[in-house]
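Participant: Got a file for you: run36.csv, CSV, C-alpha atoms.
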```csv
chain,number,residue,atom,x,y,z
A,1259,MET,CA,12.0,-5.1,13.0
A,1260,PRO,CA,11.9,-6.4,9.4
A,1261,ALA,CA,14.7,-8.7,8.4
A,1262,ARG,CA,16.2,-6.2,5.9
A,1263,LEU,CA,16.4,-3.6,8.7
A,1264,ILE,CA,17.9,-6.1,11.1
A,1265,THR,CA,20.6,-6.8,8.5
A,1266,ALA,CA,21.3,-3.1,8.1
A,1267,ALA,CA,21.4,-2.7,11.9
A,1268,CYS,CA,23.9,-5.5,12.2
A,1269,ALA,CA,26.1,-3.9,9.6
A,1270,GLY,CA,25.9,-0.6,11.4
A,1271,LEU,CA,27.0,-2.1,14.7
A,1272,LEU,CA,30.0,-3.6,12.9
A,1273,ALA,CA,31.0,-0.3,11.6
A,1274,LEU,CA,31.2,1.0,15.2
A,1275,ALA,CA,33.4,-1.8,16.4
A,1276,VAL,CA,36.5,-2.5,14.3
A,1277,ALA,CA,37.5,-5.3,16.8
A,1278,ILE,CA,34.6,-7.4,15.6
A,1279,SER,CA,35.4,-9.4,12.5
A,1280,GLY,CA,31.9,-9.7,10.9
A,1281,CYS,CA,28.2,-10.2,11.2
A,1282,GLY,CA,27.4,-13.9,11.0
A,1283,SER,CA,31.0,-15.0,11.2
A,1284,GLY,CA,31.1,-15.8,14.9
A,1285,GLY,CA,32.0,-12.3,16.1
A,1286,ALA,CA,35.7,-13.0,16.8
A,1287,THR,CA,37.5,-10.2,18.7
A,1288,THR,CA,41.1,-9.0,18.6
A,1289,THR,CA,43.2,-7.9,21.6
A,1290,ALA,CA,45.8,-5.2,21.8
A,1291,THR,CA,49.3,-5.6,23.1
A,1292,GLN,CA,50.4,-3.0,25.7
A,1293,PRO,CA,53.5,-1.3,24.5
A,1294,PRO,CA,56.0,-0.3,27.1
A,1295,GLY,CA,55.8,3.2,28.6
A,1296,ASP,CA,52.0,3.7,28.3
A,1297,PRO,CA,50.4,2.9,31.7
A,1298,PHE,CA,46.9,4.0,30.5
A,1299,LEU,CA,46.7,1.7,27.5
A,1300,ALA,CA,45.7,-1.3,29.5
A,1301,VAL,CA,42.6,0.6,30.8
A,1302,ARG,CA,41.6,1.7,27.4
A,1303,VAL,CA,42.0,-1.8,26.0
A,1304,LYS,CA,39.8,-3.3,28.7
A,1305,GLU,CA,37.1,-0.6,28.0
A,1306,GLN,CA,37.2,-1.3,24.3
A,1307,GLN,CA,37.0,-5.0,24.9
A,1308,ALA,CA,33.9,-4.5,27.1
A,1309,ARG,CA,32.3,-2.4,24.4
A,1310,ASN,CA,33.1,-5.1,21.9
A,1311,ARG,CA,31.5,-7.8,24.0
A,1312,LYS,CA,28.4,-5.6,24.4
A,1313,LEU,CA,28.2,-5.2,20.6
A,1314,GLN,CA,28.6,-8.9,20.1
A,1315,ARG,CA,25.7,-9.6,22.3
A,1316,GLU,CA,23.5,-7.1,20.4
A,1317,ILE,CA,24.5,-8.6,17.1
A,1318,ALA,CA,23.7,-12.0,18.3
A,1319,ARG,CA,20.3,-10.8,19.5
A,1320,LEU,CA,19.6,-9.2,16.1
A,1321,GLN,CA,20.6,-12.4,14.3
A,1322,ARG,CA,18.3,-14.4,16.4
A,1323,GLU,CA,15.4,-12.0,15.6
A,1324,GLN,CA,16.2,-12.2,11.9
A,1325,SER,CA,16.2,-16.0,12.0
A,1326,ARG,CA,12.9,-16.0,13.9
A,1327,GLN,CA,11.2,-13.7,11.4
A,1328,GLU,CA,12.5,-15.7,8.5
A,1329,SER,CA,11.2,-18.9,10.1
A,1330,GLU,CA,7.8,-17.3,10.4
A,1331,GLY,CA,7.7,-16.6,6.7
A,1332,ALA,CA,8.2,-12.8,6.8
A,1333,GLY,CA,9.9,-13.1,3.4
A,1334,PRO,CA,9.5,-10.1,1.1
A,1335,ALA,CA,6.2,-9.0,2.5
A,1336,GLY,CA,6.2,-5.6,4.3
A,1337,SER,CA,4.1,-3.2,6.2
A,1338,ALA,CA,3.8,0.6,6.2
A,1339,ASP,CA,3.1,3.2,8.9
A,1340,GLY,CA,3.3,0.8,11.8
A,1341,GLY,CA,0.7,-1.6,10.4
A,1342,GLY,CA,1.6,-5.3,10.5
A,1343,ALA,CA,0.3,-8.8,10.0
A,1344,ASP,CA,1.2,-11.5,12.5
A,1345,GLY,CA,3.2,-14.5,11.4
A,1346,ALA,CA,0.2,-16.7,10.7
A,1347,ALA,CA,-1.5,-14.0,8.5
A,1348,ARG,CA,1.8,-13.5,6.6
A,1349,ALA,CA,2.2,-17.2,6.0
A,1350,SER,CA,-1.4,-17.5,4.9
A,1351,PHE,CA,-1.0,-14.6,2.4
A,1352,GLU,CA,2.3,-15.9,1.0
A,1353,LYS,CA,0.7,-19.4,0.5
A,1354,LEU,CA,-2.1,-17.7,-1.4
A,1355,ALA,CA,0.3,-15.6,-3.4
A,1356,ARG,CA,2.4,-18.6,-4.3
A,1357,GLY,CA,-0.6,-20.3,-5.7
A,1358,MET,CA,-1.4,-17.5,-8.1
A,1359,SER,CA,0.3,-17.0,-11.4
A,1360,ALA,CA,0.6,-13.3,-10.9
A,1361,GLU,CA,2.3,-10.4,-9.1
A,1362,VAL,CA,-0.2,-9.4,-6.4
A,1363,VAL,CA,-0.5,-7.0,-3.5
A,1364,VAL,CA,-3.0,-6.3,-0.7
A,1365,ALA,CA,-3.0,-3.1,1.4
A,1366,TYR,CA,-5.5,-2.9,4.2
A,1367,GLY,CA,-6.4,-1.5,7.6
A,1368,PRO,CA,-9.2,-0.1,9.7
A,1369,ALA,CA,-11.4,2.6,8.1
A,1370,GLY,CA,-10.8,6.0,9.4
A,1371,THR,CA,-8.3,8.8,9.3
A,1372,GLY,CA,-4.7,8.1,10.4
A,1373,GLN,CA,-5.1,4.4,10.8
A,1374,PRO,CA,-2.2,2.0,10.2
A,1375,VAL,CA,-2.0,0.2,6.8
A,1376,THR,CA,-0.5,-3.2,6.2
A,1377,SER,CA,0.9,-4.0,2.8
A,1378,LEU,CA,1.7,-7.5,1.7
A,1379,GLY,CA,3.0,-8.6,-1.7
A,1380,SER,CA,5.5,-7.7,-4.4
A,1381,LEU,CA,3.4,-5.4,-6.6
A,1382,THR,CA,3.4,-2.2,-4.6
A,1383,SER,CA,2.4,0.4,-7.2
A,1384,GLY,CA,1.1,1.0,-10.7
A,1385,VAL,CA,-1.0,3.4,-12.7
A,1386,ALA,CA,-4.4,4.2,-11.2
A,1387,TRP,CA,-6.5,3.4,-14.2
A,1388,SER,CA,-10.2,4.0,-13.3
A,1389,THR,CA,-9.7,4.1,-9.5
A,1390,ALA,CA,-8.6,7.7,-10.2
A,1391,LYS,CA,-12.2,8.5,-11.1
A,1392,VAL,CA,-13.1,8.5,-7.4
A,1393,PRO,CA,-10.9,11.5,-6.4
A,1394,VAL,CA,-11.9,13.3,-9.6
A,1395,ALA,CA,-15.6,12.8,-8.8
A,1396,ILE,CA,-15.1,14.1,-5.2
A,1397,ALA,CA,-13.3,17.2,-6.7
A,1398,VAL,CA,-16.4,17.8,-8.8
A,1399,VAL,CA,-18.7,17.5,-5.8
A,1400,ARG,CA,-16.6,20.1,-4.0
A,1401,ALA,CA,-16.6,22.4,-7.0
A,1402,LYS,CA,-20.4,22.1,-7.2
A,1403,GLY,CA,-20.9,23.0,-3.6
A,1404,GLY,CA,-21.6,19.6,-2.1
A,1405,SER,CA,-23.6,17.8,-4.8
A,1406,ALA,CA,-23.0,16.6,-8.4
A,1407,GLY,CA,-25.3,19.3,-9.7
A,1408,GLY,CA,-25.6,19.1,-13.5
A,1409,GLN,CA,-22.9,16.4,-13.5
A,1410,ALA,CA,-25.0,13.8,-11.7
A,1411,GLY,CA,-25.6,11.6,-14.7
A,1412,ALA,CA,-21.9,11.7,-15.8
A,1413,MET,CA,-20.9,10.9,-12.2
A,1414,ARG,CA,-23.1,7.9,-12.0
A,1415,SER,CA,-21.9,6.5,-15.2
A,1416,ALA,CA,-18.2,7.2,-14.4
A,1417,ILE,CA,-18.4,5.4,-11.0
A,1418,THR,CA,-21.0,2.7,-11.4
A,1419,ALA,CA,-20.2,1.7,-15.0
A,1420,SER,CA,-16.6,3.1,-15.2
A,1421,ASP,CA,-17.5,5.0,-18.3
A,1422,ASN,CA,-14.5,6.8,-19.6
A,1423,ALA,CA,-16.3,9.4,-21.6
A,1424,ALA,CA,-18.4,10.4,-18.6
A,1425,ALA,CA,-15.2,10.6,-16.5
A,1426,GLU,CA,-13.7,12.9,-19.1
A,1427,THR,CA,-16.8,15.1,-18.8
A,1428,LEU,CA,-16.3,15.3,-15.1
A,1429,TRP,CA,-12.6,16.2,-15.6
A,1430,SER,CA,-13.4,18.9,-18.1
A,1431,SER,CA,-16.0,20.5,-15.7
A,1432,LEU,CA,-13.1,21.2,-13.3
A,1433,GLY,CA,-11.5,23.7,-15.7
A,1434,SER,CA,-8.3,23.5,-17.6
A,1435,ALA,CA,-6.1,20.4,-17.3
A,1436,ASP,CA,-3.9,22.1,-14.7
A,1437,GLN,CA,-7.0,23.3,-12.7
A,1438,ALA,CA,-8.5,19.8,-12.8
A,1439,GLY,CA,-5.3,18.3,-11.7
A,1440,SER,CA,-4.9,20.8,-8.8
A,1441,ARG,CA,-8.5,20.2,-7.6
A,1442,THR,CA,-8.0,16.5,-7.7
A,1443,GLN,CA,-4.6,16.8,-6.0
A,1444,ALA,CA,-6.3,18.6,-3.2
A,1445,VAL,CA,-8.6,15.7,-2.6
A,1446,LEU,CA,-5.6,13.3,-2.3
A,1447,ALA,CA,-3.9,15.8,0.0
A,1448,ASP,CA,-6.9,15.7,2.3
A,1449,ALA,CA,-6.3,12.0,2.7
A,1450,GLY,CA,-2.8,12.7,3.8
A,1451,ASP,CA,-1.2,11.8,0.4
A,1452,SER,CA,1.6,14.1,-0.4
A,1453,GLN,CA,3.4,11.6,-2.7
A,1454,THR,CA,1.0,10.9,-5.5
A,1455,GLN,CA,1.1,13.4,-8.4
A,1456,VAL,CA,-2.1,13.5,-10.5
A,1457,GLN,CA,-1.3,13.2,-14.2
A,1458,THR,CA,-2.8,16.0,-16.2
A,1459,ARG,CA,-1.5,15.3,-19.7
A,1460,ARG,CA,-2.6,12.5,-22.0
A,1461,VAL,CA,0.5,10.5,-21.9
A,1462,ARG,CA,-1.0,7.5,-23.8
A,1463,SER,CA,-3.4,7.8,-26.7
A,1464,GLY,CA,-6.8,6.4,-26.0
A,1465,PHE,CA,-6.6,6.6,-22.2
A,1466,THR,CA,-7.6,9.3,-19.7
A,1467,PRO,CA,-4.8,11.5,-18.4
A,1468,PHE,CA,-5.8,11.1,-14.7
A,1469,GLY,CA,-6.0,7.3,-15.2
A,1470,GLN,CA,-2.3,7.2,-15.9
A,1471,THR,CA,-1.5,8.6,-12.4
A,1472,GLU,CA,1.1,6.5,-10.6
A,1473,TRP,CA,-0.7,5.5,-7.4
A,1474,SER,CA,0.8,3.2,-4.8
A,1475,LEU,CA,-1.5,0.7,-3.2
A,1476,ALA,CA,-0.6,1.9,0.3
A,1477,ASN,CA,-1.6,5.4,-0.6
A,1478,ALA,CA,-4.8,4.2,-2.3
A,1479,GLU,CA,-5.7,2.3,0.9
A,1480,ARG,CA,-5.2,5.4,3.0
A,1481,PHE,CA,-7.4,7.3,0.6
A,1482,ALA,CA,-10.1,4.7,0.8
A,1483,ALA,CA,-9.9,4.6,4.6
A,1484,THR,CA,-10.6,8.4,4.8
A,1485,LEU,CA,-13.7,8.3,2.5
A,1486,PRO,CA,-16.3,8.1,5.3
A,1487,CYS,CA,-15.0,11.3,6.8
A,1488,MET,CA,-13.9,13.2,3.7
A,1489,GLU,CA,-15.6,16.4,2.5
A,1490,GLY,CA,-17.5,15.8,-0.6
A,1491,ALA,CA,-17.1,12.0,-0.6
A,1492,ALA,CA,-20.6,11.0,0.6
A,1493,PRO,CA,-22.4,11.0,-2.8
A,1494,VAL,CA,-19.5,9.3,-4.5
A,1495,LEU,CA,-19.2,6.7,-1.8
A,1496,ASP,CA,-22.9,6.0,-2.2
A,1497,LEU,CA,-22.3,5.4,-6.0
A,1498,MET,CA,-19.4,3.1,-5.1
A,1499,GLY,CA,-22.1,0.9,-3.4
A,1500,GLN,CA,-23.9,0.6,-6.7
A,1501,ILE,CA,-21.3,-0.9,-9.0
A,1502,SER,CA,-22.7,-2.6,-12.1
A,1503,SER,CA,-22.9,-6.4,-11.7
A,1504,ASP,CA,-20.3,-7.1,-14.5
A,1505,GLN,CA,-17.7,-5.2,-12.5
A,1506,SER,CA,-18.6,-6.6,-9.1
A,1507,TRP,CA,-15.7,-9.0,-8.7
A,1508,GLY,CA,-12.9,-8.5,-6.2
A,1509,LEU,CA,-14.1,-6.4,-3.2
A,1510,GLY,CA,-17.6,-6.8,-4.5
A,1511,GLN,CA,-17.5,-10.5,-3.5
A,1512,ALA,CA,-16.0,-10.0,0.0
A,1513,GLY,CA,-17.5,-8.9,3.3
A,1514,SER,CA,-20.7,-6.9,3.1
A,1515,ASN,CA,-21.9,-3.4,2.4
A,1516,GLN,CA,-19.2,-3.1,-0.3
A,1517,ARG,CA,-18.3,0.3,-1.6
A,1518,PHE,CA,-15.5,0.1,-4.1
A,1519,LYS,CA,-14.1,1.1,-7.5
A,1520,GLY,CA,-12.0,-0.9,-9.9
A,1521,GLY,CA,-9.5,0.1,-12.5
A,1522,TRP,CA,-7.8,-2.0,-15.2
A,1523,GLY,CA,-5.9,-1.5,-18.4
A,1524,PRO,CA,-3.0,-2.8,-20.4
A,1525,ASP,CA,0.7,-1.9,-20.0
A,1526,PRO,CA,2.5,-0.9,-23.1
A,1527,ASP,CA,3.3,-4.6,-23.6
A,1528,GLY,CA,-0.4,-5.4,-23.6
A,1529,LYS,CA,-0.6,-7.1,-20.2
A,1530,TYR,CA,-3.3,-5.9,-17.8
A,1531,LEU,CA,-2.9,-4.5,-14.4
A,1532,VAL,CA,-6.2,-5.0,-12.4
A,1533,ARG,CA,-6.8,-3.1,-9.2
A,1534,GLN,CA,-9.5,-1.9,-6.8
A,1535,LEU,CA,-9.9,0.3,-3.7
A,1536,GLY,CA,-12.8,0.5,-1.3
A,1537,LEU,CA,-14.5,-0.3,2.0
A,1538,ILE,CA,-16.1,-3.6,3.1
A,1539,ASP,CA,-17.8,-4.4,6.4
A,1540,THR,CA,-16.6,-7.5,8.3
A,1541,PRO,CA,-17.4,-9.0,11.7
A,1542,ARG,CA,-14.3,-7.1,12.9
A,1543,GLY,CA,-15.5,-3.7,11.7
A,1544,THR,CA,-15.1,-1.7,8.5
A,1545,VAL,CA,-12.0,-2.5,6.5
A,1546,ALA,CA,-10.3,-0.2,3.9
A,1547,ALA,CA,-8.4,-2.0,1.2
A,1548,ALA,CA,-6.5,-1.5,-2.0
A,1549,ILE,CA,-5.7,-4.7,-4.0
A,1550,ALA,CA,-4.1,-5.4,-7.3
A,1551,ALA,CA,-2.9,-8.2,-9.6
A,1552,LYS,CA,-0.9,-8.4,-12.7
A,1553,PRO,CA,-1.6,-11.9,-14.0
A,1554,SER,CA,1.0,-13.8,-15.9
A,1555,ASP,CA,-1.3,-14.3,-18.9
A,1556,GLY,CA,-1.9,-10.6,-19.0
A,1557,SER,CA,-5.7,-10.9,-19.1
A,1558,LEU,CA,-8.4,-8.9,-17.4
A,1559,GLU,CA,-10.4,-12.1,-16.8
A,1560,MET,CA,-7.6,-13.8,-14.8
A,1561,GLY,CA,-6.8,-10.5,-12.9
A,1562,ALA,CA,-10.5,-10.1,-11.9
A,1563,ALA,CA,-10.6,-13.7,-10.6
A,1564,GLN,CA,-7.4,-13.1,-8.6
A,1565,LEU,CA,-8.7,-9.9,-7.1
A,1566,THR,CA,-11.7,-11.9,-5.8
A,1567,GLN,CA,-9.3,-14.3,-4.1
A,1568,LEU,CA,-7.3,-11.4,-2.6
A,1569,ALA,CA,-10.5,-9.6,-1.4
A,1570,ARG,CA,-11.8,-12.6,0.3
A,1571,TRP,CA,-8.4,-13.1,2.1
A,1572,VAL,CA,-8.6,-9.5,3.3
A,1573,ALA,CA,-12.2,-9.9,4.6
A,1574,GLU,CA,-11.0,-13.0,6.5
A,1575,HIS,CA,-7.8,-11.6,8.0
A,1576,ALA,CA,-8.0,-7.8,8.2
A,1577,GLN,CA,-8.8,-6.0,11.4
A,1578,GLY,CA,-11.5,-3.3,10.8
A,1579,GLY,CA,-12.8,-0.4,12.8
A,1580,THR,CA,-15.5,2.2,13.1
A,1581,PRO,CA,-14.5,5.5,11.4
A,1582,ASN,CA,-14.2,8.3,13.9
A,1583,CYS,CA,-15.0,11.4,11.9
```
As a first step, turn the structure in this file into C-alpha cells.

Facilitator:
Amino acid sequence: MPARLITAACAGLLALAVAISGCGSGGATTTATQPPGDPFLAVRVKEQQARNRKLQREIARLQREQSRQESEGAGPAGSADGGGADGAARASFEKLARGMSAEVVVAYGPAGTGQPVTSLGSLTSGVAWSTAKVPVAIAVVRAKGGSAGGQAGAMRSAITASDNAAAETLWSSLGSADQAGSRTQAVLADAGDSQTQVQTRRVRSGFTPFGQTEWSLANAERFAATLPCMEGAAPVLDLMGQISSDQSWGLGQAGSNQRFKGGWGPDPDGKYLVRQLGLIDTPRGTVAAAIAAKPSDGSLEMGAAQLTQLARWVAEHAQGGTPNC
C-alpha cells in the first residue's frame, strides 16, 4: 500500500475509535467508569476496550509498513493499475531523477492489451504535442479501409519527420474538426482510454489543434502497449520504426527494434516539454513506454538528452512481454 494510502487508512481507523488518542502519538486509550445501577455497562466497556486494542494493533502495523516503504525510497513515485516497481528499481529511478535538472516521468509495462503500467516521477501529464499524430494517423488508416491510400506521403512525413503540415493534411482528410476529433477519439477508446479528450480547436496560434490534447503519460503508455494488436495500427507502427535520425534520441537509443514517436513544444512561458511514446524490445520482452521531461533550462536539446537517459533506464529495468493479440 502506498504511504499516502497508509496515512489515510490510519486516519480512517482513528475515526472509528474515539478511545484512541491519535495516529503516531502512542495510541493511548481511555477507560470508562461504571456508573451505579447499570449492570451491563461493564460488559460494553470491556468489548469497546477489546476493539480499541485491535485497532491499535492495526494502526501499529500500518505505521510499520509506512516506515518500511519510506526507508525503501518510495517517496512521491507512484504506480497505476496494479503495476509497481520494487524498492531497488524505485531507488534507482529516484537517484537518476535527482541527478537531472528537470521534472521527469517514466510510464512503462509489458506490451499488450490490459497489461499493468508503472508510473514513476512527478511530471504525470502534459499536452501531447506530436505524439498525438499517432492516433490521428491510425484514424486515417481506418477511414481509408486499412491503408493510407492517397495519404501515404503525408503519413510518412507526419510520423517519420514529424511534419506539422503533413499532419494537418491527415487531420483534414478525416472531415470537419468535430469528425476528425471523434474518429481520433475512437482510436484512444480502443486502447481503453476514456479519460483523454482530443482537442479539436486551435487553442494556440501556430500549433495543431490535436497536438494540444492533454494526455497523461500513463494513458499514453497504455495506448503504446496496445499498438501491436490495434486495428489500423500496423502501417503506422511500421513508420514509427523509421524515425528520422535527427529525432532518434530517447527511445530511439534504448533496447532494439524501436518503434516510437516524439513530441515537443514550448509552454506559454517558452519552456519546452519533451515526450515520447513507443515500443522497444529488451531481453525481457517487448516494453511499452511513455516518457517525458521538462528541463529546467527550457530547451529542447536538454530535454532530448534527458529522454535518452530515461529511455535507457526503462530498457534496463522494465519487465516486457509478448503481445497476445

Participant: Taking all atoms listed in the file into account, name the residue in A:Pro1541, A:Pro1368, A:Gly1439, A:Gly1490 that is nearest to Val1399 (chain A).

Facilitator: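 Of all the options, A:Gly1490 lies closest to Val1399 (chain A).
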
Participant: Could you list, as a PyMOL selection string, every residue within 10 Å of Ala1550 (chain A), counting only C-alpha atoms and ignoring same-chain residues fewer than 2 positions away?

Facilitator: chain A and resi 1360-1365+1379+1381-1384+1475+1508+1520-1522+1531-1535+1548+1552-1553+1561-1562+1564-1565+1568-1569

Participant: Print the selection's residues with C-alpha atoms to a file, as a PDB file, keeping the file's coordinate frame.

Facilitator:
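What follows is the written file selection35.pdb:
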```pdb
ATOM      1  CA  ALA A1360       0.600 -13.300 -10.900  1.00  0.00           C
ATOM      2  CA  GLU A1361       2.300 -10.400  -9.100  1.00  0.00           C
ATOM      3  CA  VAL A1362      -0.200  -9.400  -6.400  1.00  0.00           C
ATOM      4  CA  VAL A1363      -0.500  -7.000  -3.500  1.00  0.00           C
ATOM      5  CA  VAL A1364      -3.000  -6.300  -0.700  1.00  0.00           C
ATOM      6  CA  ALA A1365      -3.000  -3.100   1.400  1.00  0.00           C
ATOM      7  CA  GLY A1379       3.000  -8.600  -1.700  1.00  0.00           C
ATOM      8  CA  LEU A1381       3.400  -5.400  -6.600  1.00  0.00           C
ATOM      9  CA  THR A1382       3.400  -2.200  -4.600  1.00  0.00           C
ATOM     10  CA  SER A1383       2.400   0.400  -7.200  1.00  0.00           C
ATOM     11  CA  GLY A1384       1.100   1.000 -10.700  1.00  0.00           C
ATOM     12  CA  LEU A1475      -1.500   0.700  -3.200  1.00  0.00           C
ATOM     13  CA  GLY A1508     -12.900  -8.500  -6.200  1.00  0.00           C
ATOM     14  CA  GLY A1520     -12.000  -0.900  -9.900  1.00  0.00           C
ATOM     15  CA  GLY A1521      -9.500   0.100 -12.500  1.00  0.00           C
ATOM     16  CA  TRP A1522      -7.800  -2.000 -15.200  1.00  0.00           C
ATOM     17  CA  LEU A1531      -2.900  -4.500 -14.400  1.00  0.00           C
ATOM     18  CA  VAL A1532      -6.200  -5.000 -12.400  1.00  0.00           C
ATOM     19  CA  ARG A1533      -6.800  -3.100  -9.200  1.00  0.00           C
ATOM     20  CA  GLN A1534      -9.500  -1.900  -6.800  1.00  0.00           C
ATOM     21  CA  LEU A1535      -9.900   0.300  -3.700  1.00  0.00           C
ATOM     22  CA  ALA A1548      -6.500  -1.500  -2.000  1.00  0.00           C
ATOM     23  CA  LYS A1552      -0.900  -8.400 -12.700  1.00  0.00           C
ATOM     24  CA  PRO A1553      -1.600 -11.900 -14.000  1.00  0.00           C
ATOM     25  CA  GLY A1561      -6.800 -10.500 -12.900  1.00  0.00           C
ATOM     26  CA  ALA A1562     -10.500 -10.100 -11.900  1.00  0.00           C
ATOM     27  CA  GLN A1564      -7.400 -13.100  -8.600  1.00  0.00           C
ATOM     28  CA  LEU A1565      -8.700  -9.900  -7.100  1.00  0.00           C
ATOM     29  CA  LEU A1568      -7.300 -11.400  -2.600  1.00  0.00           C
ATOM     30  CA  ALA A1569     -10.500  -9.600  -1.400  1.00  0.00           C
TER      31      ALA A1569
END
```

Participant: In Å, rounded to a single decimal, give me how far CA of Pro1526 (chain A) is from CA of Gly1556 (chain A).

Facilitator: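 Distance between the two atoms: 11.4 Å.
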
Participant: Pick out the residues sitting within 8 Å of Val1445 (chain A), and hand them over as an NGL selection string; count all atoms listed in the file, and ignore anything fewer than 6 positions along from it in its own chain.

Facilitator: :A and (1393 or 1396-1397)

Participant: Could you check the closest approach to Pro1493 (chain A) for each of A:Ala1576, A:Ala1390, A:Ala1406, A:Ala1424 and tell me which residue wins, using only C-alpha atoms?

Facilitator: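 Result for the nearest residue to Pro1493 (chain A): A:Ala1406.
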
Participant: At most 12 Å from (-8.8, 16.5, -6.6), file frame, all atoms listed in the file: which residues, as a ChimeraX atom specification?

Facilitator: /A:1390-1401,1428-1429,1432-1433,1435-1449,1451,1454-1458,1468,1481,1488-1491

Participant: Do a neighbour search on Ser1350 (chain A) at 12 Å with only C-alpha atoms, toss out local chain neighbours closer than 3 positions, and write the hits as number ranges by chain.

Facilitator: A: 1330-1332, 1335, 1343-1347, 1353-1357, 1378-1379, 1568, 1571-1572, 1574-1575

Participant: Save out the residues we just selected, C-alpha atoms, as a PDB file, in the frame of the given file.

Facilitator:
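The result, stored in part_39.pdb:
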```pdb
ATOM      1  CA  GLU A1330       7.800 -17.300  10.400  1.00  0.00           C
ATOM      2  CA  GLY A1331       7.700 -16.600   6.700  1.00  0.00           C
ATOM      3  CA  ALA A1332       8.200 -12.800   6.800  1.00  0.00           C
ATOM      4  CA  ALA A1335       6.200  -9.000   2.500  1.00  0.00           C
ATOM      5  CA  ALA A1343       0.300  -8.800  10.000  1.00  0.00           C
ATOM      6  CA  ASP A1344       1.200 -11.500  12.500  1.00  0.00           C
ATOM      7  CA  GLY A1345       3.200 -14.500  11.400  1.00  0.00           C
ATOM      8  CA  ALA A1346       0.200 -16.700  10.700  1.00  0.00           C
ATOM      9  CA  ALA A1347      -1.500 -14.000   8.500  1.00  0.00           C
ATOM     10  CA  LYS A1353       0.700 -19.400   0.500  1.00  0.00           C
ATOM     11  CA  LEU A1354      -2.100 -17.700  -1.400  1.00  0.00           C
ATOM     12  CA  ALA A1355       0.300 -15.600  -3.400  1.00  0.00           C
ATOM     13  CA  ARG A1356       2.400 -18.600  -4.300  1.00  0.00           C
ATOM     14  CA  GLY A1357      -0.600 -20.300  -5.700  1.00  0.00           C
ATOM     15  CA  LEU A1378       1.700  -7.500   1.700  1.00  0.00           C
ATOM     16  CA  GLY A1379       3.000  -8.600  -1.700  1.00  0.00           C
ATOM     17  CA  LEU A1568      -7.300 -11.400  -2.600  1.00  0.00           C
ATOM     18  CA  TRP A1571      -8.400 -13.100   2.100  1.00  0.00           C
ATOM     19  CA  VAL A1572      -8.600  -9.500   3.300  1.00  0.00           C
ATOM     20  CA  GLU A1574     -11.000 -13.000   6.500  1.00  0.00           C
ATOM     21  CA  HIS A1575      -7.800 -11.600   8.000  1.00  0.00           C
TER      22      HIS A1575
END
```

Participant: Measuring between all atoms listed in the file, which one of A:Gly1464, A:Gly1367, A:Pro1486, A:Gly1499 shows the shortest distance to Arg1414 (chain A)?

Facilitator: A:Gly1499

Participant: My list of candidates is A:Ser1388, A:Ser1405, A:Thr1371, A:Ser1434. Which is closest to Glu1472 (chain A) when distances are computed with all atoms listed in the file?

Facilitator: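 Looking at the shortest contact to Glu1472 (chain A), the residue is A:Ser1388.
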
Participant: With distances taken over all atoms listed in the file, which residue among A:Val1494, A:Thr1566, A:Phe1518, A:Gly1536 lies nearest Gly1404 (chain A)?

Facilitator: A:Val1494

Participant: Any idea what the distance is between CA of Ser1380 (chain A) and CA of Gln1577 (chain A)?

Facilitator: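 For CA of Ser1380 (chain A) relative to CA of Gln1577 (chain A), the distance reads 21.4 Å.
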
Participant: Between CA of Leu1537 (chain A) and CA of Gly1513 (chain A), what is the distance, to one decimal in Å?

Facilitator: 9.2 Å

Participant: Just the residues within 8 Å of Thr1466 (chain A), please, counting all atoms listed in the file, with nothing from its chain fewer than 5 positions along; format it as a VMD selection string.

Facilitator: chain A and resid 1422 1426 1460

Participant: If we count all atoms listed in the file and set the cut-off at 7 Å, which residues sit around Thr1540 (chain A), ignoring sequence neighbours fewer than 2 positions away in its own chain? Please answer as a ChimeraX atom specification.

Facilitator: /A:1513-1514,1538,1542-1544,1573

Participant: Mind listing as a list of chain:residue names all residues within 12 Å of (4.3, 0.3, -20.5), counting all atoms listed in the file?

Facilitator: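 Taken together, the residues in range are A:Gly1384, A:Val1385, A:Val1461, A:Arg1462, A:Gln1470, A:Gly1523, A:Pro1524, A:Asp1525, A:Pro1526, A:Asp1527, A:Gly1528, A:Lys1529, A:Tyr1530, A:Leu1531.
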
Participant: Give the answer as one residue: which of A:Thr1418, A:Gly1407, A:Ser1474, A:Ala1546 has the shortest atom-to-atom distance to Ser1503 (chain A), using only C-alpha atoms?

Facilitator: A:Thr1418
